[in-house]
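Source file: structure-v2.txt (compact mmCIF, C-alpha atoms and all ligand atoms)
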```
# COMPACT_ATOMS: atom_id res chain seq x y z
CA MET A 1 -0.66 9.13 -24.33
CA GLU A 2 1.44 11.96 -22.97
CA VAL A 3 5.24 11.87 -22.87
CA ARG A 4 7.21 14.27 -20.70
CA GLU A 5 10.92 14.57 -19.97
CA HIS A 6 12.77 15.52 -16.78
CA VAL A 7 9.81 15.35 -14.42
CA PRO A 8 10.51 15.72 -10.66
CA LEU A 9 9.61 12.49 -8.85
CA SER A 10 8.65 14.65 -5.88
CA LYS A 11 5.57 15.56 -7.96
CA LEU A 12 4.74 11.91 -8.68
CA THR A 13 5.08 10.44 -5.19
CA THR A 14 3.23 11.21 -1.98
CA LEU A 15 6.45 11.41 0.06
CA LYS A 16 7.20 14.42 -2.19
CA VAL A 17 10.94 13.82 -2.33
CA GLY A 18 13.28 12.69 -5.11
CA GLY A 19 15.05 14.00 -8.20
CA GLU A 20 13.92 13.87 -11.81
CA ALA A 21 12.70 10.97 -13.89
CA LEU A 22 14.22 11.06 -17.36
CA LEU A 23 10.95 10.15 -19.08
CA VAL A 24 7.35 9.96 -17.91
CA VAL A 25 4.76 8.30 -20.14
CA THR A 26 1.13 8.61 -19.09
CA ILE A 27 -0.73 5.38 -19.88
CA ALA A 28 -4.42 6.14 -20.43
CA SER A 29 -5.47 3.04 -22.36
CA LEU A 30 -4.36 -0.53 -23.05
CA ASP A 31 -3.01 0.59 -26.44
CA ASP A 32 -0.82 3.18 -24.71
CA ILE A 33 1.10 0.37 -23.02
CA GLY A 34 2.36 -0.97 -26.35
CA VAL A 35 3.08 2.47 -27.77
CA GLY A 36 4.74 3.63 -24.54
CA LEU A 37 6.89 0.51 -24.29
CA ALA A 38 8.02 0.99 -27.90
CA GLN A 39 9.33 4.45 -27.00
CA VAL A 40 11.04 3.15 -23.88
CA ARG A 41 12.73 0.36 -25.86
CA GLU A 42 13.75 2.72 -28.65
CA ARG A 43 15.66 4.74 -26.06
CA ASN A 44 17.00 1.59 -24.39
CA LEU A 45 15.62 2.63 -21.00
CA SER A 46 14.48 0.61 -18.03
CA PHE A 47 11.03 1.43 -16.69
CA VAL A 48 8.89 1.35 -13.57
CA VAL A 49 5.11 1.57 -13.30
CA LEU A 50 3.76 4.16 -10.87
CA GLY A 51 0.16 4.74 -9.84
CA GLU A 52 -0.21 7.55 -7.33
CA GLY A 53 3.29 6.92 -5.96
CA SER A 54 1.92 6.42 -2.46
CA ASN A 55 4.26 3.62 -1.48
CA VAL A 56 7.49 4.73 -3.11
CA LEU A 57 10.70 6.40 -1.98
CA ALA A 58 12.39 8.05 -4.97
CA SER A 59 16.07 8.87 -4.55
CA ASP A 60 17.50 12.39 -4.66
CA GLU A 61 19.50 11.35 -7.77
CA GLY A 62 16.23 10.71 -9.61
CA TYR A 63 15.60 7.90 -12.07
CA ALA A 64 17.48 7.60 -15.34
CA GLY A 65 14.69 5.54 -16.88
CA ALA A 66 11.03 5.82 -17.79
CA VAL A 67 8.07 6.03 -15.45
CA LEU A 68 4.88 4.54 -16.89
CA LEU A 69 2.22 6.52 -15.08
CA MET A 70 -0.79 4.21 -14.86
CA ARG A 71 -3.98 6.13 -15.59
CA ILE A 72 -6.26 3.62 -17.42
CA PRO A 73 -9.83 4.48 -16.31
CA GLY A 74 -13.00 2.42 -15.99
CA ILE A 75 -15.13 0.42 -13.59
CA VAL A 76 -17.58 -2.19 -14.91
CA ILE A 77 -20.11 -3.82 -12.60
CA GLU A 78 -21.77 -7.04 -13.69
CA ARG A 79 -24.63 -8.11 -11.43
CA ASN A 80 -25.37 -11.84 -11.16
CA GLN A 81 -28.05 -13.60 -9.20
CA HIS A 82 -25.96 -14.02 -6.02
CA ASN A 83 -23.19 -11.44 -6.27
CA ALA A 84 -21.59 -8.76 -8.41
CA LEU A 85 -18.35 -9.01 -10.34
CA VAL A 86 -16.57 -5.68 -10.51
CA ARG A 87 -13.75 -5.17 -13.00
CA ALA A 88 -11.72 -2.03 -12.41
CA ALA A 89 -8.84 -0.64 -14.45
CA ALA A 90 -5.43 -0.14 -12.89
CA GLY A 91 -5.47 3.66 -13.15
CA VAL A 92 -8.63 4.16 -11.11
CA SER A 93 -8.03 5.64 -7.65
CA TRP A 94 -8.52 2.90 -5.09
CA ASP A 95 -10.89 4.97 -2.97
CA GLU A 96 -12.89 5.94 -6.05
CA LEU A 97 -13.57 2.23 -6.56
CA VAL A 98 -14.48 1.76 -2.87
CA ARG A 99 -16.92 4.68 -3.11
CA ALA A 100 -18.41 3.50 -6.41
CA VAL A 101 -19.23 0.00 -5.16
CA ALA A 102 -20.52 1.36 -1.83
CA GLU A 103 -22.94 3.60 -3.77
CA GLU A 104 -24.21 0.41 -5.43
CA GLY A 105 -24.74 -1.14 -1.97
CA LEU A 106 -22.08 -3.78 -2.60
CA TRP A 107 -20.23 -5.28 0.37
CA GLY A 108 -16.61 -6.36 0.60
CA LEU A 109 -14.35 -3.32 0.13
CA GLU A 110 -15.74 -0.98 2.80
CA ASN A 111 -13.00 -1.63 5.41
CA LEU A 112 -10.43 -0.73 2.75
CA ALA A 113 -11.82 2.79 2.32
CA GLY A 114 -9.40 5.68 2.20
CA ILE A 115 -6.24 3.70 1.37
CA PRO A 116 -4.21 5.93 -0.94
CA GLY A 117 -3.07 4.65 -4.33
CA THR A 118 -4.50 3.14 -7.47
CA VAL A 119 -6.41 -0.06 -8.18
CA GLY A 120 -3.34 -1.43 -9.98
CA ALA A 121 -1.20 -1.04 -6.89
CA ALA A 122 -3.72 -2.77 -4.62
CA PRO A 123 -2.82 -6.40 -5.43
CA VAL A 124 0.91 -5.66 -5.44
CA GLN A 125 0.99 -5.48 -1.67
CA ASN A 126 -2.36 -7.20 -1.07
CA ILE A 127 -3.68 -4.10 0.68
CA GLY A 128 -5.49 -4.72 3.92
CA ALA A 129 -7.10 -2.81 6.73
CA TYR A 130 -9.30 -3.45 9.74
CA GLY A 131 -9.22 -7.21 9.31
CA ILE A 132 -9.90 -7.42 5.56
CA GLU A 133 -7.30 -8.04 2.86
CA LEU A 134 -7.88 -7.57 -0.86
CA GLU A 135 -7.32 -11.29 -1.48
CA ARG A 136 -10.57 -12.06 0.34
CA VAL A 137 -12.66 -10.63 -2.54
CA LEU A 138 -10.23 -10.75 -5.44
CA VAL A 139 -11.15 -12.99 -8.36
CA CYS A 140 -8.32 -12.28 -10.79
CA VAL A 141 -5.68 -9.83 -11.93
CA ASP A 142 -5.07 -9.02 -15.61
CA ALA A 143 -1.57 -7.99 -16.60
CA ILE A 144 0.73 -7.57 -19.59
CA ASP A 145 3.88 -9.67 -19.44
CA VAL A 146 6.41 -7.40 -21.12
CA ARG A 147 8.84 -10.28 -21.66
CA THR A 148 6.48 -11.64 -24.30
CA ASP A 149 4.13 -8.66 -24.78
CA THR A 150 1.14 -10.90 -24.05
CA SER A 151 -1.84 -10.48 -21.71
CA VAL A 152 -2.03 -12.84 -18.79
CA THR A 153 -4.77 -13.41 -16.21
CA PHE A 154 -3.87 -14.61 -12.74
CA ALA A 155 -6.64 -16.22 -10.73
CA ARG A 156 -6.46 -15.40 -7.02
CA ASP A 157 -4.59 -18.57 -6.09
CA ALA A 158 -1.92 -17.79 -8.66
CA CYS A 159 -1.24 -14.32 -7.23
CA GLY A 160 1.01 -15.53 -4.39
CA PHE A 161 -0.76 -13.42 -1.79
CA SER A 162 0.40 -13.17 1.81
CA TYR A 163 0.57 -10.36 4.38
CA ARG A 164 1.26 -7.19 2.33
CA ASP A 165 2.86 -9.29 -0.38
CA SER A 166 2.18 -10.92 -3.75
CA ARG A 167 4.02 -12.20 -6.82
CA PHE A 168 3.55 -8.77 -8.44
CA LYS A 169 5.99 -7.28 -5.94
CA HIS A 170 8.70 -9.61 -7.19
CA GLU A 171 7.91 -9.81 -10.92
CA PRO A 172 8.45 -6.32 -12.34
CA TRP A 173 7.87 -7.59 -15.88
CA LEU A 174 4.14 -7.71 -15.14
CA ILE A 175 2.15 -4.54 -15.78
CA ILE A 176 -1.21 -4.86 -14.02
CA THR A 177 -4.04 -3.50 -16.17
CA HIS A 178 -7.24 -4.62 -14.35
CA ILE A 179 -8.48 -6.39 -11.28
CA THR A 180 -11.80 -8.21 -10.79
CA VAL A 181 -13.42 -8.54 -7.37
CA CYS A 182 -16.53 -10.43 -6.30
CA LEU A 183 -18.78 -8.40 -3.99
CA ALA A 184 -21.91 -9.32 -2.06
CA TYR A 185 -25.41 -7.79 -2.01
CA ALA A 186 -25.62 -8.22 1.75
CA GLY A 187 -22.99 -8.35 4.47
CA VAL A 188 -22.15 -8.16 8.11
CA PRO A 189 -19.98 -5.24 9.27
CA GLN A 190 -16.47 -6.46 10.13
CA ILE A 191 -15.79 -4.48 13.30
CA GLY A 192 -13.33 -6.77 15.08
CA TYR A 193 -10.61 -4.10 15.13
CA SER A 194 -10.75 -1.79 18.12
CA ASP A 195 -11.06 1.47 16.13
CA LEU A 196 -14.22 0.26 14.37
CA HIS A 197 -15.51 -1.44 17.48
CA THR A 198 -15.18 1.83 19.40
CA ALA A 199 -16.97 3.69 16.61
CA HIS A 200 -19.75 1.14 16.90
CA GLU A 201 -19.94 1.60 20.67
CA HIS A 202 -20.17 5.36 20.15
CA GLY A 203 -23.27 4.73 18.10
CA GLU A 204 -21.86 5.48 14.65
CA ASP A 205 -23.88 4.12 11.76
CA LEU A 206 -22.08 1.02 10.46
CA GLY A 207 -25.09 -0.43 8.70
CA SER A 208 -24.05 -0.10 5.07
CA PRO A 209 -20.86 -0.22 2.99
CA ARG A 210 -21.20 3.54 2.45
CA ALA A 211 -21.50 4.29 6.21
CA ILE A 212 -18.62 1.96 7.13
CA GLY A 213 -16.44 3.41 4.39
CA GLN A 214 -17.04 6.92 5.70
CA THR A 215 -16.29 5.89 9.29
CA VAL A 216 -13.04 4.26 8.17
CA ARG A 217 -12.07 7.43 6.26
CA ASN A 218 -12.76 9.52 9.37
CA ILE A 219 -10.60 7.22 11.52
CA ARG A 220 -7.80 7.27 8.97
CA ALA A 221 -7.93 11.06 8.78
CA GLN A 222 -6.90 11.14 12.46
CA LYS A 223 -3.98 8.76 11.93
CA PHE A 224 -2.42 10.18 8.80
CA PRO A 225 -1.05 13.67 8.21
CA ASP A 226 -2.67 16.05 5.76
CA LEU A 227 -1.13 15.33 2.35
CA ALA A 228 -1.79 18.90 1.30
CA VAL A 229 0.79 19.97 3.91
CA TYR A 230 3.20 17.05 4.33
CA GLY A 231 4.76 14.26 2.36
CA THR A 232 4.07 10.75 3.59
CA ALA A 233 3.72 7.21 2.30
CA GLY A 234 1.47 6.08 5.15
CA SER A 235 2.85 3.12 7.10
CA PHE A 236 6.53 3.11 6.26
CA PHE A 237 7.23 -0.35 7.70
CA LYS A 238 5.35 -3.62 7.76
CA ASN A 239 4.11 -4.95 11.07
CA PRO A 240 6.54 -7.79 11.82
CA ILE A 241 5.47 -11.42 12.04
CA ILE A 242 7.67 -13.40 14.40
CA SER A 243 7.75 -16.95 15.74
CA GLN A 244 5.91 -17.99 18.92
CA ASN A 245 9.24 -18.70 20.63
CA ARG A 246 10.65 -15.30 19.78
CA PHE A 247 7.45 -13.72 21.05
CA LYS A 248 7.68 -15.62 24.36
CA GLU A 249 11.26 -14.42 24.77
CA LEU A 250 10.22 -10.83 24.12
CA THR A 251 7.39 -10.88 26.64
CA LYS A 252 10.00 -11.65 29.32
CA HIS A 253 11.28 -8.11 28.76
CA TYR A 254 8.15 -6.41 27.49
CA GLY A 255 5.25 -8.11 29.26
CA ALA A 256 2.50 -5.95 27.77
CA LEU A 257 3.60 -6.39 24.13
CA PRO A 258 0.39 -6.88 22.12
CA SER A 259 0.24 -9.68 19.56
CA PHE A 260 -2.11 -11.22 17.02
CA PRO A 261 -1.85 -14.87 15.93
CA MET A 262 -1.25 -15.47 12.21
CA GLU A 263 -0.75 -18.61 10.15
CA GLN A 264 2.99 -17.91 9.88
CA GLY A 265 3.53 -16.87 13.52
CA VAL A 266 2.62 -13.87 15.65
CA LYS A 267 2.01 -10.37 14.28
CA ILE A 268 3.28 -7.53 16.45
CA PRO A 269 2.02 -3.94 16.07
CA LEU A 270 5.21 -2.09 15.26
CA ALA A 271 3.61 1.18 16.40
CA TYR A 272 3.63 -0.25 19.96
CA ILE A 273 7.37 -0.98 19.79
CA LEU A 274 8.11 2.47 18.35
CA ASP A 275 5.93 4.25 20.87
CA LYS A 276 5.94 2.31 24.14
CA ILE A 277 9.29 0.53 23.99
CA LEU A 278 11.43 3.03 22.10
CA GLY A 279 9.62 6.28 22.90
CA LEU A 280 9.85 7.39 19.27
CA ARG A 281 6.38 8.88 18.79
CA GLY A 282 7.03 12.24 17.13
CA TYR A 283 10.79 11.51 16.83
CA LYS A 284 12.38 14.01 14.46
CA HIS A 285 15.41 13.91 12.17
CA GLU A 286 16.05 17.08 10.18
CA HIS A 287 12.93 17.58 8.00
CA THR A 288 11.45 14.15 8.73
CA PHE A 289 9.61 12.74 11.72
CA LEU A 290 7.37 9.93 12.97
CA PHE A 291 3.78 11.12 13.14
CA GLY A 292 2.49 11.86 16.64
CA ASN A 293 -0.89 10.17 16.10
CA GLN A 294 0.62 7.04 14.52
CA PRO A 295 4.39 6.50 14.78
CA LEU A 296 4.40 3.93 11.96
CA VAL A 297 3.76 6.84 9.62
CA LEU A 298 6.92 8.63 8.51
CA VAL A 299 6.35 12.26 7.55
CA ALA A 300 8.49 14.47 5.30
CA GLU A 301 8.18 18.23 5.80
CA ALA A 302 8.72 20.74 3.03
CA GLY A 303 12.45 20.79 2.24
CA ALA A 304 13.01 17.13 3.17
CA SER A 305 15.30 15.02 0.99
CA ALA A 306 15.09 11.32 0.16
CA HIS A 307 18.39 10.92 1.97
CA GLU A 308 16.86 12.31 5.16
CA VAL A 309 13.89 9.94 4.86
CA ASP A 310 16.23 6.99 4.33
CA THR A 311 18.45 8.04 7.25
CA LEU A 312 15.49 8.24 9.64
CA ALA A 313 14.20 4.88 8.41
CA GLN A 314 17.61 3.27 8.90
CA GLU A 315 17.85 4.71 12.39
CA ILE A 316 14.44 3.24 13.26
CA GLU A 317 15.41 -0.15 11.81
CA LYS A 318 18.58 -0.14 13.95
CA LYS A 319 16.80 0.86 17.16
CA VAL A 320 14.12 -1.81 16.69
CA VAL A 321 16.63 -4.59 16.07
CA GLU A 322 18.75 -3.50 19.03
CA ALA A 323 15.77 -3.45 21.42
CA THR A 324 13.89 -6.51 20.19
CA GLY A 325 16.08 -8.48 17.78
CA ILE A 326 13.40 -7.99 15.09
CA SER A 327 14.60 -6.95 11.63
CA ILE A 328 11.72 -4.89 10.33
CA GLU A 329 10.87 -4.66 6.64
CA ARG A 330 9.92 -1.55 4.77
CA GLU A 331 6.50 -1.39 3.18
CA VAL A 332 7.64 1.61 1.15
CA ARG A 333 9.77 0.61 -1.80
CA ASN A 334 12.75 2.12 -3.47
CA ILE A 335 11.93 2.96 -7.09
CA HIS A 336 14.80 0.81 -8.42
CA THR A 337 13.49 -2.36 -6.77
CA HIS A 338 10.62 -2.48 -9.24
CA GLU A 339 12.28 -1.57 -12.52
CA TRP A 340 12.49 -3.76 -15.59
CA LYS A 341 14.26 -3.50 -18.93
P1 LIG B 1 -4.09 -0.71 14.02
O1 LIG B 1 -5.50 -0.92 13.70
O2 LIG B 1 -3.70 0.09 15.21
O3 LIG B 1 -3.37 -2.12 14.10
C1 LIG B 1 -1.98 -2.20 14.43
C2 LIG B 1 -1.53 -3.63 14.21
O4 LIG B 1 -2.28 -4.51 15.01
C3 LIG B 1 -1.66 -4.11 12.80
O5 LIG B 1 -0.60 -5.01 12.56
C4 LIG B 1 -2.96 -4.86 12.81
O6 LIG B 1 -2.96 -5.90 11.87
C5 LIG B 1 -2.96 -5.45 14.19
N1 LIG B 1 -4.30 -5.61 14.72
C6 LIG B 1 -5.06 -4.68 15.36
N2 LIG B 1 -6.22 -5.21 15.75
C7 LIG B 1 -6.23 -6.48 15.31
C8 LIG B 1 -7.16 -7.54 15.39
N3 LIG B 1 -8.32 -7.37 16.01
N4 LIG B 1 -6.84 -8.71 14.82
C9 LIG B 1 -5.68 -8.90 14.20
N5 LIG B 1 -4.73 -7.93 14.08
C10 LIG B 1 -5.00 -6.73 14.65
O7 LIG B 1 -3.32 -0.15 12.75
P2 LIG B 1 -3.29 1.29 12.08
O8 LIG B 1 -1.86 1.59 11.83
O9 LIG B 1 -4.15 2.26 12.78
O10 LIG B 1 -3.93 0.98 10.64
C11 LIG B 1 -5.30 0.69 10.53
C12 LIG B 1 -5.50 -0.42 9.53
O11 LIG B 1 -5.07 0.02 8.25
C13 LIG B 1 -4.68 -1.66 9.87
O12 LIG B 1 -5.43 -2.79 9.53
C14 LIG B 1 -3.46 -1.50 8.99
O13 LIG B 1 -2.85 -2.72 8.67
C15 LIG B 1 -4.11 -0.86 7.77
N6 LIG B 1 -3.15 -0.20 6.89
C16 LIG B 1 -2.85 -0.84 5.71
C17 LIG B 1 -1.94 -0.32 4.84
C18 LIG B 1 -1.65 -1.05 3.56
O14 LIG B 1 -2.38 -1.92 3.13
N7 LIG B 1 -0.58 -0.73 2.92
C19 LIG B 1 -1.30 0.87 5.16
C20 LIG B 1 -1.61 1.51 6.36
C21 LIG B 1 -2.54 0.94 7.23
P3 LIG B 1 -3.14 -5.66 10.28
O15 LIG B 1 -1.97 -4.91 9.79
O16 LIG B 1 -3.19 -7.05 9.75
O17 LIG B 1 -4.43 -4.95 10.11
```
Just dump the structure as structure tokens.
Ligand code: NAP
Amino acid sequence: MEVREHVPLSKLTTLKVGGEALLVVTIASLDDIGVGLAQVRERNLSFVVLGEGSNVLASDEGYAGAVLLMRIPGIVIERNQHNALVRAAAGVSWDELVRAVAEEGLWGLENLAGIPGTVGAAPVQNIGAYGIELERVLVCVDAIDVRTDTSVTFARDACGFSYRDSRFKHEPWLIITHITVCLAYAGVPQIGYSDLHTAHEHGEDLGSPRAIGQTVRNIRAQKFPDLAVYGTAGSFFKNPIISQNRFKELTKHYGALPSFPMEQGVKIPLAYILDKILGLRGYKHEHTFLFGNQPLVLVAEAGASAHEVDTLAQEIEKKVVEATGISIEREVRNIHTHEWK
């Protein structure tokens, strides 16, 4: 376990903005959680858990608490007669897990290739891409409940999953340590989304989890800026889900507005609203802008501040509500919204 003081949050988050965290404790094993928490409590600090910081906006003022940097390693694959159970630790990079199971020929995670972040962060927002959400393959999530310092296992149905949401987003006293997924020995490529369908039509090999994973990574590379150059947290906002009636009203003004039916209503691609209705593709505010290839992606250039990111995001929220009446939600979270003491 490593303990550091006064660490810039810009180094711990992919948006690359934010002031210093007072304390950063690297958690490399289950035992480190207990030892780390003891130090945090001794200093009477609140804490947040960070993985790769790929969905977090840290403020310019920094964080006067402790960051528990989740780095527990390990992937264990248990093959049964009909499927494989894969238990991965929270500190593993998500894409490392996707690659590892693809190398084993296991189906189920391939559409989720290339999503930044750690395994521990994946259930928090029920990551999803190209028609597959984590909940489809998830068996259970192991966590430590810091209110009682006990381990708890949540079966899938107890995780409160919905679109980019779960109980873990709202219960900061739970530190996720492992997830278990159930993967198949054979599968059918899920190519319902147009990007993958087009790849298929262009003759790309989509015959194995490894090939699909690589195709998805190639597609994503076009839609997201190079992290070596820019700061970004990927999609900054959630795609809104609105009622059928609201959608009908909107199509009176915006006839071509695309939509996808969901259990709770109608999902609207926010990128369409930002691009085609508001003309905001590439829109720039100081050192921040909406990415030209995918306007849902907010980019921070070198020299950007958290305040600039927040100002651009607020401006977008205002423009969307004015044009459509839709109050959009951020996918990226403020560090304070997930702290616990
Ligand atoms: P996209 O594929 O252009 O899709 C834009 C929107 O349309 C999304 O809301 C998507 O739903 C929806 N959509 C597109 N085709 C659909 C279909 N055939 N059926 C139902 N809904 C459909 O989005 P993108 O921005 O380029 O991102 C690619 C994929 O990566 C998307 O699935 C996106 O959600 C995902 N992604 C996930 C995260 C995350 O988990 N945090 C972050 C960034 C991107 P869905 O959102 O339900 O897919």
Quick one: residues within 9 Å of Arg217 in chain A, only C-alpha atoms counted, chain neighbours fewer than 6 positions away excluded, as a PyMOL selection string? chain A and resi 113-115
Output of the above residues as a PDB file, keeping the file's coordinate frame, restricted to C-alpha atoms:
```pdb
ATOM      1  CA  ALA A 113     -11.820   2.790   2.320  1.00  0.00           C
ATOM      2  CA  GLY A 114      -9.400   5.680   2.200  1.00  0.00           C
ATOM      3  CA  ILE A 115      -6.240   3.700   1.370  1.00  0.00           C
TER       4      ILE A 115
END
```
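Proximity of A:Asp142, A:Asp310, A:Glu315, A:Asp275 to ligand LIG 1 (chain B), computed with all atoms listed in the file, is greatest for A:Asp275.
The residue that comes closest to ligand LIG 1 (chain B), out of A:Arg71, A:Arg246, A:Lys341, A:Arg330 and on the basis of only C-alpha atoms and all ligand atoms, is A:Arg330.
Each of A:Ile33, A:Ala199, A:Val98, A:Gln81 was compared to Ser151 in chain A using all atoms listed in the file, and A:Ile33 turns out to be the nearest.
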Could you jot down the CA of Leu257 in chain A to CA of Tyr272 in chain A separation for me, Å, one decimal place? 7.4 Å
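For the pair CA of Thr13 in chain A and CA of Gly53 in chain A, the interatomic distance is 4.0 Å.
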Environment of ligand LIG 1 (chain B) within 6 Å, counting all atoms listed in the file, reported as a PyMOL selection string: chain A and resi 127-131+192-193+234-235+239+260+269
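When CA of Val137 in chain A is paired with CA of Leu109 in chain A, their separation reads 8.0 Å.
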Will you model N, CA and C atoms for range 170-181 of chain A and pass it back as a compact mmCIF listing (two decimals), in the frame of the given file?
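Once written, result-v3.txt looks like this:
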```
# COMPACT_ATOMS: atom_id res chain seq x y z
N HIS A 170 7.41 -9.00 -6.87
CA HIS A 170 8.70 -9.61 -7.19
C HIS A 170 8.86 -9.87 -8.69
N GLU A 171 7.84 -9.52 -9.47
CA GLU A 171 7.91 -9.81 -10.92
C GLU A 171 7.64 -8.52 -11.69
N PRO A 172 8.66 -7.65 -11.76
CA PRO A 172 8.45 -6.32 -12.34
C PRO A 172 8.15 -6.33 -13.82
N TRP A 173 8.21 -7.50 -14.45
CA TRP A 173 7.87 -7.59 -15.88
C TRP A 173 6.36 -7.65 -16.10
N LEU A 174 5.60 -7.68 -15.00
CA LEU A 174 4.14 -7.71 -15.14
C LEU A 174 3.56 -6.32 -14.92
N ILE A 175 2.84 -5.82 -15.93
CA ILE A 175 2.15 -4.54 -15.78
C ILE A 175 0.67 -4.85 -15.54
N ILE A 176 0.20 -4.56 -14.35
CA ILE A 176 -1.21 -4.86 -14.02
C ILE A 176 -2.11 -3.86 -14.74
N THR A 177 -3.14 -4.39 -15.42
CA THR A 177 -4.04 -3.50 -16.17
C THR A 177 -5.45 -3.45 -15.55
N HIS A 178 -5.90 -4.57 -14.95
CA HIS A 178 -7.24 -4.62 -14.35
C HIS A 178 -7.25 -5.58 -13.17
N ILE A 179 -8.20 -5.36 -12.28
CA ILE A 179 -8.48 -6.39 -11.28
C ILE A 179 -9.99 -6.67 -11.32
N THR A 180 -10.38 -7.88 -10.92
CA THR A 180 -11.80 -8.21 -10.79
C THR A 180 -12.04 -8.69 -9.37
N VAL A 181 -13.07 -8.11 -8.74
CA VAL A 181 -13.42 -8.54 -7.37
C VAL A 181 -14.86 -9.03 -7.38
```
